[in-house]
file model33.txt (compact mmCIF, C-alpha atoms)
# COMPACT_ATOMS: atom_id res chain seq x y z
CA MET Y 1 8.85 -29.63 5.50
CA VAL Y 2 5.06 -29.80 5.13
CA THR Y 3 3.81 -26.81 3.16
CA ASP Y 4 0.26 -25.65 2.50
CA SER Y 5 -0.51 -26.69 -1.08
CA ARG Y 6 -1.87 -23.20 -1.75
CA VAL Y 7 1.61 -21.69 -1.34
CA ASP Y 8 2.94 -23.09 -4.62
CA LYS Y 9 -0.14 -21.91 -6.52
CA PHE Y 10 0.19 -18.49 -4.88
CA ALA Y 11 3.87 -18.29 -5.89
CA ASP Y 12 2.88 -19.09 -9.48
CA VAL Y 13 0.35 -16.21 -9.47
CA LEU Y 14 2.92 -13.79 -8.02
CA ILE Y 15 5.78 -14.60 -10.38
CA ASN Y 16 3.93 -15.36 -13.60
CA TYR Y 17 0.90 -13.04 -13.37
CA SER Y 18 1.65 -10.21 -10.94
CA MET Y 19 5.28 -9.73 -11.96
CA GLY Y 20 5.34 -11.50 -15.33
CA ILE Y 21 8.98 -12.49 -14.91
CA GLN Y 22 10.80 -13.21 -18.15
CA ARG Y 23 13.99 -15.03 -18.99
CA ASN Y 24 17.20 -13.39 -17.64
CA GLN Y 25 15.38 -10.80 -15.53
CA ARG Y 26 17.00 -10.15 -12.15
CA VAL Y 27 14.58 -10.43 -9.25
CA ILE Y 28 14.97 -9.44 -5.59
CA ILE Y 29 12.79 -11.51 -3.23
CA GLN Y 30 12.59 -9.81 0.17
CA GLY Y 31 11.06 -11.12 3.40
CA THR Y 32 11.77 -12.36 6.91
CA THR Y 33 12.61 -15.91 7.85
CA LEU Y 34 8.97 -16.38 8.94
CA ALA Y 35 7.97 -16.39 5.26
CA GLU Y 36 10.30 -19.29 4.38
CA PRO Y 37 7.63 -21.41 2.61
CA LEU Y 38 6.69 -18.56 0.25
CA LEU Y 39 10.32 -17.41 -0.13
CA ARG Y 40 11.22 -20.93 -1.19
CA ALA Y 41 8.26 -21.25 -3.57
CA THR Y 42 8.79 -17.88 -5.28
CA TYR Y 43 12.54 -18.50 -5.57
CA THR Y 44 11.74 -21.75 -7.38
CA ALA Y 45 9.11 -20.07 -9.58
CA VAL Y 46 11.58 -17.38 -10.71
CA LEU Y 47 14.10 -20.08 -11.64
CA GLN Y 48 11.42 -21.96 -13.58
CA ALA Y 49 10.57 -18.73 -15.43
CA GLY Y 50 14.23 -18.37 -16.47
CA GLY Y 51 14.97 -15.42 -14.18
CA HIS Y 52 17.81 -14.78 -11.74
CA PRO Y 53 16.46 -14.62 -8.16
CA MET Y 54 18.33 -13.10 -5.23
CA LEU Y 55 16.95 -13.65 -1.73
CA LEU Y 56 17.18 -10.67 0.60
CA ILE Y 57 16.18 -12.26 3.91
CA THR Y 58 15.89 -10.40 7.21
CA LEU Y 59 15.23 -11.35 10.83
CA PRO Y 60 11.69 -10.91 12.19
CA ASP Y 61 12.95 -8.47 14.85
CA GLN Y 62 15.59 -6.73 12.74
CA ASP Y 63 13.96 -3.27 12.76
CA GLU Y 64 13.41 -3.51 16.51
CA LEU Y 65 17.12 -4.24 17.01
CA LEU Y 66 18.05 -1.35 14.74
CA PHE Y 67 16.02 1.24 16.63
CA ARG Y 68 17.11 -0.12 20.01
CA PHE Y 69 20.86 -0.15 19.44
CA ALA Y 70 21.67 2.10 16.46
CA SER Y 71 23.11 5.58 16.84
CA ASP Y 72 21.58 8.42 14.83
CA ASN Y 73 24.42 8.03 12.37
CA GLN Y 74 23.67 4.33 11.95
CA LEU Y 75 19.95 5.01 11.48
CA GLN Y 76 20.82 7.26 8.54
CA HIS Y 77 22.99 4.65 6.84
CA VAL Y 78 21.52 3.28 3.62
CA SER Y 79 22.86 -0.07 2.51
CA ASP Y 80 24.76 -0.19 -0.78
CA VAL Y 81 22.94 -3.46 -1.49
CA HIS Y 82 19.54 -1.77 -1.26
CA GLN Y 83 20.69 1.16 -3.38
CA HIS Y 84 22.07 -1.17 -6.03
CA ALA Y 85 18.98 -3.39 -6.05
CA ILE Y 86 16.46 -0.57 -6.37
CA GLY Y 87 18.64 1.28 -8.88
CA THR Y 88 19.45 -1.61 -11.22
CA TYR Y 89 17.34 -4.76 -10.73
CA ASP Y 90 14.39 -5.59 -12.97
CA ALA Y 91 11.92 -6.61 -10.27
CA ILE Y 92 11.42 -6.61 -6.50
CA LEU Y 93 9.00 -8.84 -4.62
CA VAL Y 94 8.38 -7.77 -1.01
CA ILE Y 95 6.75 -10.37 1.25
CA LEU Y 96 5.45 -8.93 4.52
CA SER Y 97 5.91 -11.24 7.49
CA THR Y 98 6.37 -10.39 11.15
CA ALA Y 99 6.21 -11.96 14.59
CA ASN Y 100 5.10 -8.77 16.36
CA THR Y 101 3.29 -5.89 14.66
CA ARG Y 102 3.68 -3.75 17.80
CA ALA Y 103 7.45 -4.12 18.06
CA LEU Y 104 8.12 -0.47 17.15
CA ASN Y 105 5.32 1.13 19.19
CA ASN Y 106 7.69 2.67 21.73
CA VAL Y 107 10.24 3.99 19.25
CA ASP Y 108 10.80 7.75 19.53
CA PRO Y 109 8.96 9.30 16.53
CA ALA Y 110 11.97 11.55 15.89
CA ARG Y 111 14.12 8.48 15.23
CA SER Y 112 11.54 7.09 12.82
CA VAL Y 113 11.51 10.39 10.96
CA LEU Y 114 15.33 10.41 10.87
CA ARG Y 115 15.36 7.02 9.19
CA ASP Y 116 12.56 7.95 6.75
CA ARG Y 117 14.43 11.06 5.66
CA ALA Y 118 17.63 9.09 5.08
CA ARG Y 119 15.74 6.64 2.84
CA SER Y 120 13.87 9.30 0.85
CA LYS Y 121 16.17 8.98 -2.18
CA LEU Y 122 15.53 5.24 -2.24
CA THR Y 123 11.80 5.95 -2.33
CA GLU Y 124 12.23 8.49 -5.13
CA THR Y 125 14.35 6.06 -7.17
CA LEU Y 126 11.83 3.24 -6.73
CA LEU Y 127 8.85 5.42 -7.72
CA SER Y 128 10.70 6.97 -10.65
CA ARG Y 129 11.90 3.65 -12.10
CA TYR Y 130 8.50 2.06 -11.50
CA SER Y 131 6.71 4.92 -13.28
CA ALA Y 132 9.15 4.71 -16.19
CA GLY Y 133 8.49 0.98 -16.58
CA GLU Y 134 12.07 0.10 -15.65
CA LEU Y 135 11.21 -1.73 -12.41
CA LYS Y 136 8.49 -4.20 -11.51
CA TRP Y 137 7.44 -4.02 -7.87
CA THR Y 138 4.99 -6.31 -6.12
CA GLY Y 139 4.09 -6.41 -2.44
CA THR Y 140 2.29 -9.28 -0.74
CA LEU Y 141 1.95 -10.98 2.63
CA PHE Y 142 2.65 -14.35 4.21
CA PRO Y 143 0.20 -15.19 7.03
CA THR Y 144 1.73 -15.25 10.51
CA ASN Y 145 0.32 -15.44 14.03
CA ALA Y 146 0.96 -11.72 14.51
CA PHE Y 147 -1.15 -10.74 11.50
CA ALA Y 148 -3.86 -13.21 12.54
CA GLN Y 149 -4.00 -11.75 16.06
CA ASP Y 150 -4.33 -8.21 14.68
CA ALA Y 151 -7.26 -9.41 12.57
CA ASP Y 152 -8.86 -11.18 15.56
CA MET Y 153 -8.58 -14.54 13.80
CA SER Y 154 -6.94 -17.88 14.39
CA LEU Y 155 -3.96 -18.57 12.15
CA HIS Y 156 -5.97 -21.19 10.25
CA ASP Y 157 -8.83 -18.74 9.60
CA TYR Y 158 -6.38 -15.99 8.65
CA GLU Y 159 -4.66 -18.27 6.13
CA ASP Y 160 -8.06 -18.92 4.57
CA PHE Y 161 -8.71 -15.17 4.51
CA VAL Y 162 -5.35 -14.35 2.87
CA TYR Y 163 -5.46 -17.03 0.20
CA GLY Y 164 -9.16 -16.35 -0.39
CA ALA Y 165 -8.44 -12.66 -1.00
CA CYS Y 166 -5.48 -13.38 -3.29
CA MET Y 167 -7.02 -16.33 -5.14
CA PRO Y 168 -10.83 -15.91 -4.94
CA ASP Y 169 -11.18 -18.50 -7.71
CA PRO Y 170 -8.65 -21.21 -6.76
CA ASP Y 171 -9.30 -23.07 -10.01
CA ASP Y 172 -8.58 -20.02 -12.18
CA PRO Y 173 -6.87 -17.33 -10.03
CA VAL Y 174 -5.38 -15.47 -13.01
CA GLY Y 175 -8.72 -15.42 -14.85
CA TRP Y 176 -10.38 -13.86 -11.79
CA TRP Y 177 -7.87 -10.99 -11.72
CA GLN Y 178 -8.22 -10.46 -15.46
CA ARG Y 179 -11.99 -10.08 -15.05
CA LEU Y 180 -11.52 -7.62 -12.17
CA SER Y 181 -9.10 -5.68 -14.33
CA ARG Y 182 -11.73 -5.24 -17.04
CA ARG Y 183 -14.34 -4.04 -14.55
CA GLN Y 184 -11.94 -1.51 -13.05
CA GLN Y 185 -10.84 -0.29 -16.46
CA ARG Y 186 -14.41 0.81 -17.16
CA ILE Y 187 -14.22 3.01 -14.04
CA VAL Y 188 -10.83 4.42 -15.10
CA ASP Y 189 -12.20 5.18 -18.59
CA TRP Y 190 -15.23 6.96 -17.08
CA LEU Y 191 -12.95 9.14 -14.93
CA LYS Y 192 -10.66 10.17 -17.79
CA GLY Y 193 -10.71 13.88 -18.54
CA ARG Y 194 -12.79 14.84 -15.51
CA LYS Y 195 -11.82 17.67 -13.20
CA GLU Y 196 -13.17 17.64 -9.65
CA VAL Y 197 -13.96 14.98 -7.04
CA HIS Y 198 -16.34 15.67 -4.16
CA VAL Y 199 -16.46 13.17 -1.28
CA ARG Y 200 -19.10 13.15 1.47
CA GLY Y 201 -19.27 10.81 4.44
CA PRO Y 202 -19.49 10.70 8.22
CA GLU Y 203 -17.59 13.81 9.45
CA THR Y 204 -16.15 14.09 5.92
CA GLU Y 205 -16.56 16.76 3.25
CA LEU Y 206 -13.69 16.95 0.76
CA THR Y 207 -13.05 18.38 -2.69
CA LEU Y 208 -9.98 17.78 -4.82
CA ARG Y 209 -8.94 18.46 -8.41
CA ILE Y 210 -7.82 15.80 -10.87
CA ASP Y 211 -7.34 17.96 -14.01
CA GLY Y 212 -4.76 16.32 -16.26
CA ARG Y 213 -4.11 13.51 -13.78
CA SER Y 214 -4.37 9.81 -14.63
CA PHE Y 215 -6.20 7.10 -12.69
CA ILE Y 216 -4.38 3.77 -12.40
CA ASN Y 217 -6.08 0.36 -12.60
CA CYS Y 218 -4.66 -1.74 -9.74
CA ASP Y 219 -5.42 -5.29 -10.79
CA GLY Y 220 -2.95 -7.54 -8.94
CA HIS Y 221 0.39 -6.53 -10.43
CA GLU Y 222 1.81 -4.09 -7.86
CA ASN Y 223 -0.03 -5.54 -4.86
CA MET Y 224 -1.47 -8.95 -4.16
CA PRO Y 225 -4.26 -8.85 -3.21
CA ASP Y 226 -5.36 -5.77 -5.09
CA GLY Y 227 -8.51 -3.93 -6.06
CA GLU Y 228 -8.42 -0.15 -6.31
CA VAL Y 229 -8.25 2.73 -8.75
CA PHE Y 230 -6.11 5.70 -7.72
CA THR Y 231 -4.65 8.99 -8.85
CA GLY Y 232 -2.52 11.84 -7.53
CA PRO Y 233 -4.65 14.98 -7.01
CA LEU Y 234 -3.35 18.42 -7.82
CA GLU Y 235 -1.07 19.31 -4.94
CA ASP Y 236 -2.81 22.56 -3.95
CA SER Y 237 -6.38 21.42 -4.60
CA VAL Y 238 -7.53 19.44 -1.56
CA ASN Y 239 -9.95 21.36 0.67
CA GLY Y 240 -12.28 20.35 3.48
CA HIS Y 241 -12.12 17.85 6.32
CA VAL Y 242 -12.03 14.07 6.71
CA PHE Y 243 -12.49 11.54 9.50
CA PHE Y 244 -10.75 8.22 8.89
CA SER Y 245 -12.93 5.32 10.02
CA TYR Y 246 -10.10 2.94 10.77
CA PRO Y 247 -6.78 3.26 12.60
CA ALA Y 248 -3.98 4.63 10.42
CA ILE Y 249 -0.87 2.48 10.75
CA HIS Y 250 2.62 3.67 9.86
CA GLY Y 251 5.93 2.08 10.75
CA GLY Y 252 4.16 -0.36 13.04
CA ARG Y 253 2.52 2.48 15.01
CA GLU Y 254 -1.29 2.62 15.19
CA VAL Y 255 -2.96 6.04 15.20
CA SER Y 256 -6.73 5.93 15.68
CA GLY Y 257 -9.48 8.52 15.33
CA VAL Y 258 -7.54 10.62 12.82
CA ARG Y 259 -9.17 13.85 11.66
CA LEU Y 260 -7.53 16.14 9.10
CA TRP Y 261 -8.44 19.61 7.85
CA PHE Y 262 -7.11 20.82 4.48
CA GLU Y 263 -6.70 24.25 2.94
CA ASP Y 264 -5.34 24.60 -0.60
CA GLY Y 265 -3.89 21.10 -0.51
CA LYS Y 266 -2.13 21.27 2.84
CA VAL Y 267 -3.04 19.78 6.22
CA VAL Y 268 -3.60 22.83 8.45
CA LYS Y 269 -4.97 20.93 11.43
CA ALA Y 270 -4.63 17.29 12.52
CA THR Y 271 -5.95 15.47 15.57
CA ALA Y 272 -6.09 11.84 16.71
CA GLU Y 273 -7.75 10.02 19.56
CA LYS Y 274 -4.66 7.84 20.07
CA ASN Y 275 -0.98 8.57 19.31
CA GLU Y 276 -1.62 12.14 18.18
CA ALA Y 277 1.99 13.15 18.92
CA PHE Y 278 3.24 10.53 16.47
CA LEU Y 279 0.80 11.78 13.82
CA LEU Y 280 1.94 15.38 14.20
CA LYS Y 281 5.64 14.49 14.19
CA THR Y 282 5.31 12.32 11.10
CA ILE Y 283 3.41 14.84 8.99
CA ASP Y 284 6.22 17.30 9.72
CA THR Y 285 8.79 14.92 8.20
CA ASP Y 286 9.25 17.26 5.23
CA GLU Y 287 7.37 19.80 3.09
CA GLY Y 288 5.46 17.17 1.12
CA ALA Y 289 4.27 15.17 4.12
CA ARG Y 290 1.27 17.48 4.74
CA ARG Y 291 0.02 17.16 1.16
CA VAL Y 292 -1.89 14.34 -0.53
CA GLY Y 293 0.09 12.12 -2.89
CA GLU Y 294 -2.71 9.65 -3.60
CA PHE Y 295 -6.50 9.45 -3.72
CA ALA Y 296 -7.93 5.95 -4.22
CA ILE Y 297 -11.22 4.05 -4.25
CA GLY Y 298 -11.27 0.47 -2.92
CA THR Y 299 -13.02 -2.04 -5.20
CA ASN Y 300 -12.35 -5.52 -3.81
CA ALA Y 301 -15.78 -6.80 -2.71
CA GLY Y 302 -14.10 -9.92 -1.30
CA ILE Y 303 -12.38 -7.85 1.42
CA LYS Y 304 -15.12 -6.73 3.78
CA ARG Y 305 -13.46 -6.28 7.16
CA PHE Y 306 -10.62 -4.28 8.70
CA THR Y 307 -7.62 -6.44 9.64
CA ARG Y 308 -5.00 -3.83 10.62
CA GLN Y 309 -3.01 -4.81 7.54
CA LEU Y 310 -2.95 -2.04 4.94
CA LEU Y 311 -2.28 -4.38 2.02
CA PHE Y 312 -5.81 -5.72 2.52
CA ASP Y 313 -7.59 -2.86 4.26
CA GLU Y 314 -7.00 -0.21 1.59
CA LYS Y 315 -8.77 -2.49 -0.92
CA ILE Y 316 -11.99 -2.83 1.13
CA GLY Y 317 -14.87 -2.52 -1.30
CA GLY Y 318 -16.86 0.60 -0.44
CA SER Y 319 -13.95 2.57 1.03
CA PHE Y 320 -11.65 5.31 -0.16
CA HIS Y 321 -8.19 6.16 1.09
CA MET Y 322 -5.72 8.99 0.81
CA ALA Y 323 -1.98 8.91 1.25
CA LEU Y 324 -0.14 11.81 2.80
CA GLY Y 325 3.29 12.26 1.25
CA ALA Y 326 4.89 10.87 -1.88
CA GLY Y 327 2.75 10.57 -4.99
CA ILE Y 328 3.19 8.12 -7.85
CA PRO Y 329 4.71 10.00 -10.82
CA SER Y 330 2.76 7.93 -13.39
CA THR Y 331 -0.46 9.59 -12.13
CA GLY Y 332 1.03 13.02 -12.79
CA SER Y 333 1.63 13.67 -9.10
CA LYS Y 334 4.48 16.03 -8.35
CA ASN Y 335 4.39 15.63 -4.57
CA ARG Y 336 7.65 14.42 -3.06
CA SER Y 337 8.16 13.19 0.48
CA ALA Y 338 10.00 10.58 2.52
CA ILE Y 339 6.65 9.21 3.70
CA HIS Y 340 3.63 7.64 1.99
CA TRP Y 341 0.97 7.11 4.67
CA ASP Y 342 -2.37 5.63 3.58
CA MET Y 343 -5.46 6.38 5.67
CA ILE Y 344 -8.83 4.69 5.05
CA CYS Y 345 -12.41 5.96 5.21
CA ASP Y 346 -15.48 3.68 5.00
CA LEU Y 347 -18.28 5.02 2.76
CA ARG Y 348 -20.69 2.09 3.08
CA ARG Y 349 -23.01 3.91 5.51
CA GLY Y 350 -24.05 7.25 4.12
CA GLY Y 351 -21.07 8.11 1.89
CA GLU Y 352 -20.91 9.23 -1.71
CA ILE Y 353 -18.40 10.27 -4.34
CA ARG Y 354 -19.35 12.71 -7.10
CA VAL Y 355 -17.13 13.67 -10.02
CA ASP Y 356 -17.90 16.92 -11.83
CA GLY Y 357 -21.26 16.79 -10.06
CA GLU Y 358 -22.15 13.32 -11.37
CA LEU Y 359 -22.67 10.48 -8.90
CA LEU Y 360 -19.98 7.78 -9.13
CA ASN Y 361 -20.35 5.88 -5.86
CA LYS Y 362 -23.17 5.73 -3.32
CA ASP Y 363 -22.94 3.91 0.03
CA GLY Y 364 -19.81 2.15 -1.24
CA GLU Y 365 -21.38 0.88 -4.48
CA PHE Y 366 -20.53 2.11 -7.98
CA VAL Y 367 -23.60 3.45 -9.76
CA ILE Y 368 -22.21 4.21 -13.21
call {"tool": "encode", "arguments": {"input": "model33.txt", "output": "structure tokens"}}
result
Amino acid sequence: MVTDSRVDKFADVLINYSMGIQRNQRVIIQGTTLAEPLLRATYTAVLQAGGHPMLLITLPDQDELLFRFASDNQLQHVSDVHQHAIGTYDAILVILSTANTRALNNVDPARSVLRDRARSKLTETLLSRYSAGELKWTGTLFPTNAFAQDADMSLHDYEDFVYGACMPDPDDPVGWWQRLSRRQQRIVDWLKGRKEVHVRGPETELTLRIDGRSFINCDGHENMPDGEVFTGPLEDSVNGHVFFSYPAIHGGREVSGVRLWFEDGKVVKATAEKNEAFLLKTIDTDEGARRVGEFAIGTNAGIKRFTRQLLFDEKIGGSFHMALGAGIPSTGSKNRSAIHWDMICDLRRGGEIRVDGELLNKDGEFVI
């Protein structure tokens, strides 16, 4: 098998920098058969680090088969293997890879919600163990034709984009992430102890409280690529309205032209130019689905364009995003939900973020 030479270097970054796998740690490596080169390389890297890898490989169309043929009872079944892995393993590496990003577009939203609700305890366990430092979790992506088509690129160009975003300095990829980490930490330190965030942008005017909440420096450990600082706002504090510049994608379904109105932390009105019914059904998944679990600012200047892949898009330098649903407990967030749906807003043309009245970001650039 001929493998891109960058795959082995990427696997080294994932296992030895992002996850920092140590001797005797048990590691789940999850992905579809389309990601075989990276599955193979990360499996080998875990062995070389002295860990115990377990491959959890799925079919590219496995979710499509599930929704097509499963009864409601089967949709609500949660595998004992998944429960055991998330509840006891030391680390989980999730490698996104698909042959068709639109495979679930015609799934009844009610069935998607049914499955999300059934898996809510898994989500809670993962977030709780992660926040307690008991579980390392890293998500990344292996370039496929489907992802390349979504990004309007050839596969060759998309491979260059992916590896360029994950290893901007191919001669010293770890050093590059360490330098980014230091820059972001200065932002996190500046935000510490502040109380209110005010965001302005096209069709956007939002305020939210961050009293007592912590901002997290995302520097390539939980996601690869990375580049954001985020927190969990006070659950009843978000007020105003927001227009999300880019399509919001959840469960393979694309919802474009999303506009949300908030009162005392809760979405009181929601519209979309495309797939509005799916938006409304999903934010009624449970009580926490209409509240904000995450507020984040994208910092990766190397990611400049929207590709319809959240792993990259939420890091676009000059953007901010919010997630409806589950918050990360380590930020102080108390919001619980079966969903965590990130939506992105571009601030590079006329946007600004102020914190306690002081300008933090103007037209997508940090000014502190």
call {"tool": "closest_residue", "arguments": {"input": "model33.txt", "among": "Y:Leu234, Y:Ala277, Y:Ala49, Y:Leu104", "to": "Leu66 of chain Y", "atoms": "all atoms listed in the file"}}
result
Y:Leu104
call {"tool": "atom_distance", "arguments": {"input": "model33.txt", "atom1": "atom CA of Gly293 of chain Y", "atom2": "atom CA of Ile95 of chain Y"}}
result
23.8 Å
call {"tool": "residues_around", "arguments": {"input": "model33.txt", "residues": "Phe161 of chain Y", "least_positions_apart": "6", "cutoff": "12 Å", "atoms": "only C-alpha atoms", "output": "list in words"}}
result
Leu141, Phe142, Pro143, Phe147, Ala148, Ala151, Asp152, Met153, Ser154, Leu155, Met167, Pro168, Pro225, Gly302, Ile303, Lys304, Arg305, Phe306, Thr307 and Phe312 of chain Y
call {"tool": "closest_residue", "arguments": {"input": "model33.txt", "among": "Y:Ile29, Y:Ser330, Y:Gly252, Y:Asp160", "to": "Ser131 of chain Y", "atoms": "only C-alpha atoms"}}
result
Y:Ser330
call {"tool": "closest_residue", "arguments": {"input": "model33.txt", "among": "Y:Pro109, Y:Met322, Y:Pro233, Y:Asp226", "to": "Glu276 of chain Y", "atoms": "only C-alpha atoms"}}
result
Y:Pro109
call {"tool": "closest_residue", "arguments": {"input": "model33.txt", "among": "Y:Ile187, Y:Leu75, Y:Ala248, Y:Ala11", "to": "His321 of chain Y", "atoms": "all atoms listed in the file"}}
result
Y:Ala248
call {"tool": "atom_distance", "arguments": {"input": "model33.txt", "atom1": "atom CA of Ala110 of chain Y", "atom2": "atom CA of Glu294 of chain Y"}}
result
24.5 Å
call {"tool": "atom_distance", "arguments": {"input": "model33.txt", "atom1": "atom CA of His77 of chain Y", "atom2": "atom CA of Ala91 of chain Y"}}
result
23.3 Å
call {"tool": "closest_residue", "arguments": {"input": "model33.txt", "among": "Y:Tyr43, Y:Phe67, Y:Tyr89, Y:Trp177", "to": "Lys136 of chain Y", "atoms": "all atoms listed in the file"}}
result
Y:Tyr89
call {"tool": "residues_around", "arguments": {"input": "model33.txt", "residues": "Gly325 of chain Y", "least_positions_apart": "5", "cutoff": "6 Å", "atoms": "only C-alpha atoms", "output": "MDAnalysis selection string"}}
result
chainID Y and resid 288:289 291:293 337 339:340
call {"tool": "write_last_selection", "arguments": {"input": "model33.txt", "atoms": "C-alpha atoms", "output": "PDB file, keeping the file's coordinate frame"}}
result
ATOM      1  CA  GLY Y 288       5.460  17.170   1.120  1.00  0.00           C
ATOM      2  CA  ALA Y 289       4.270  15.170   4.120  1.00  0.00           C
ATOM      3  CA  ARG Y 291       0.020  17.160   1.160  1.00  0.00           C
ATOM      4  CA  VAL Y 292      -1.890  14.340  -0.530  1.00  0.00           C
ATOM      5  CA  GLY Y 293       0.090  12.120  -2.890  1.00  0.00           C
ATOM      6  CA  SER Y 337       8.160  13.190   0.480  1.00  0.00           C
ATOM      7  CA  ILE Y 339       6.650   9.210   3.700  1.00  0.00           C
ATOM      8  CA  HIS Y 340       3.630   7.640   1.990  1.00  0.00           C
TER       9      HIS Y 340
END
call {"tool": "closest_atom_pairs", "arguments": {"input": "model33.txt", "of": "segment 247-328 of chain Y", "to": "segment 193-212 of chain Y", "cutoff": "12 Å", "atoms": "all atoms listed in the file", "output": "CSV"}}
result
residue,atom,partner,partner_atom,distance
Y:Gly257,CA,Y:Glu203,CA,11.3
Y:Val258,CA,Y:Glu203,CA,11.1
Y:Arg259,CA,Y:Glu203,CA,8.7
Y:Leu260,CA,Y:Thr204,CA,9.4
Y:Trp261,CA,Y:Leu206,CA,9.2
Y:Phe262,CA,Y:Leu206,CA,8.5
Y:Glu263,CA,Y:Thr207,CA,10.3
Y:Asp264,CA,Y:Leu208,CA,9.3
Y:Gly265,CA,Y:Leu208,CA,8.2
Y:Lys266,CA,Y:Leu208,CA,11.5
Y:Arg291,CA,Y:Leu208,CA,11.7
Y:Val292,CA,Y:Leu208,CA,9.8
Y:Gly293,CA,Y:Leu208,CA,11.7
Y:Glu294,CA,Y:Ile210,CA,10.8
Y:Phe295,CA,Y:Leu208,CA,9.1
Y:Ala296,CA,Y:Val197,CA,11.2
Y:Ile297,CA,Y:Val199,CA,10.9
Y:Gly318,CA,Y:Gly201,CA,11.6
Y:Ser319,CA,Y:Gly201,CA,10.4
Y:Phe320,CA,Y:Val199,CA,9.3
Y:His321,CA,Y:Val199,CA,11.1
Y:Met322,CA,Y:Leu206,CA,11.3
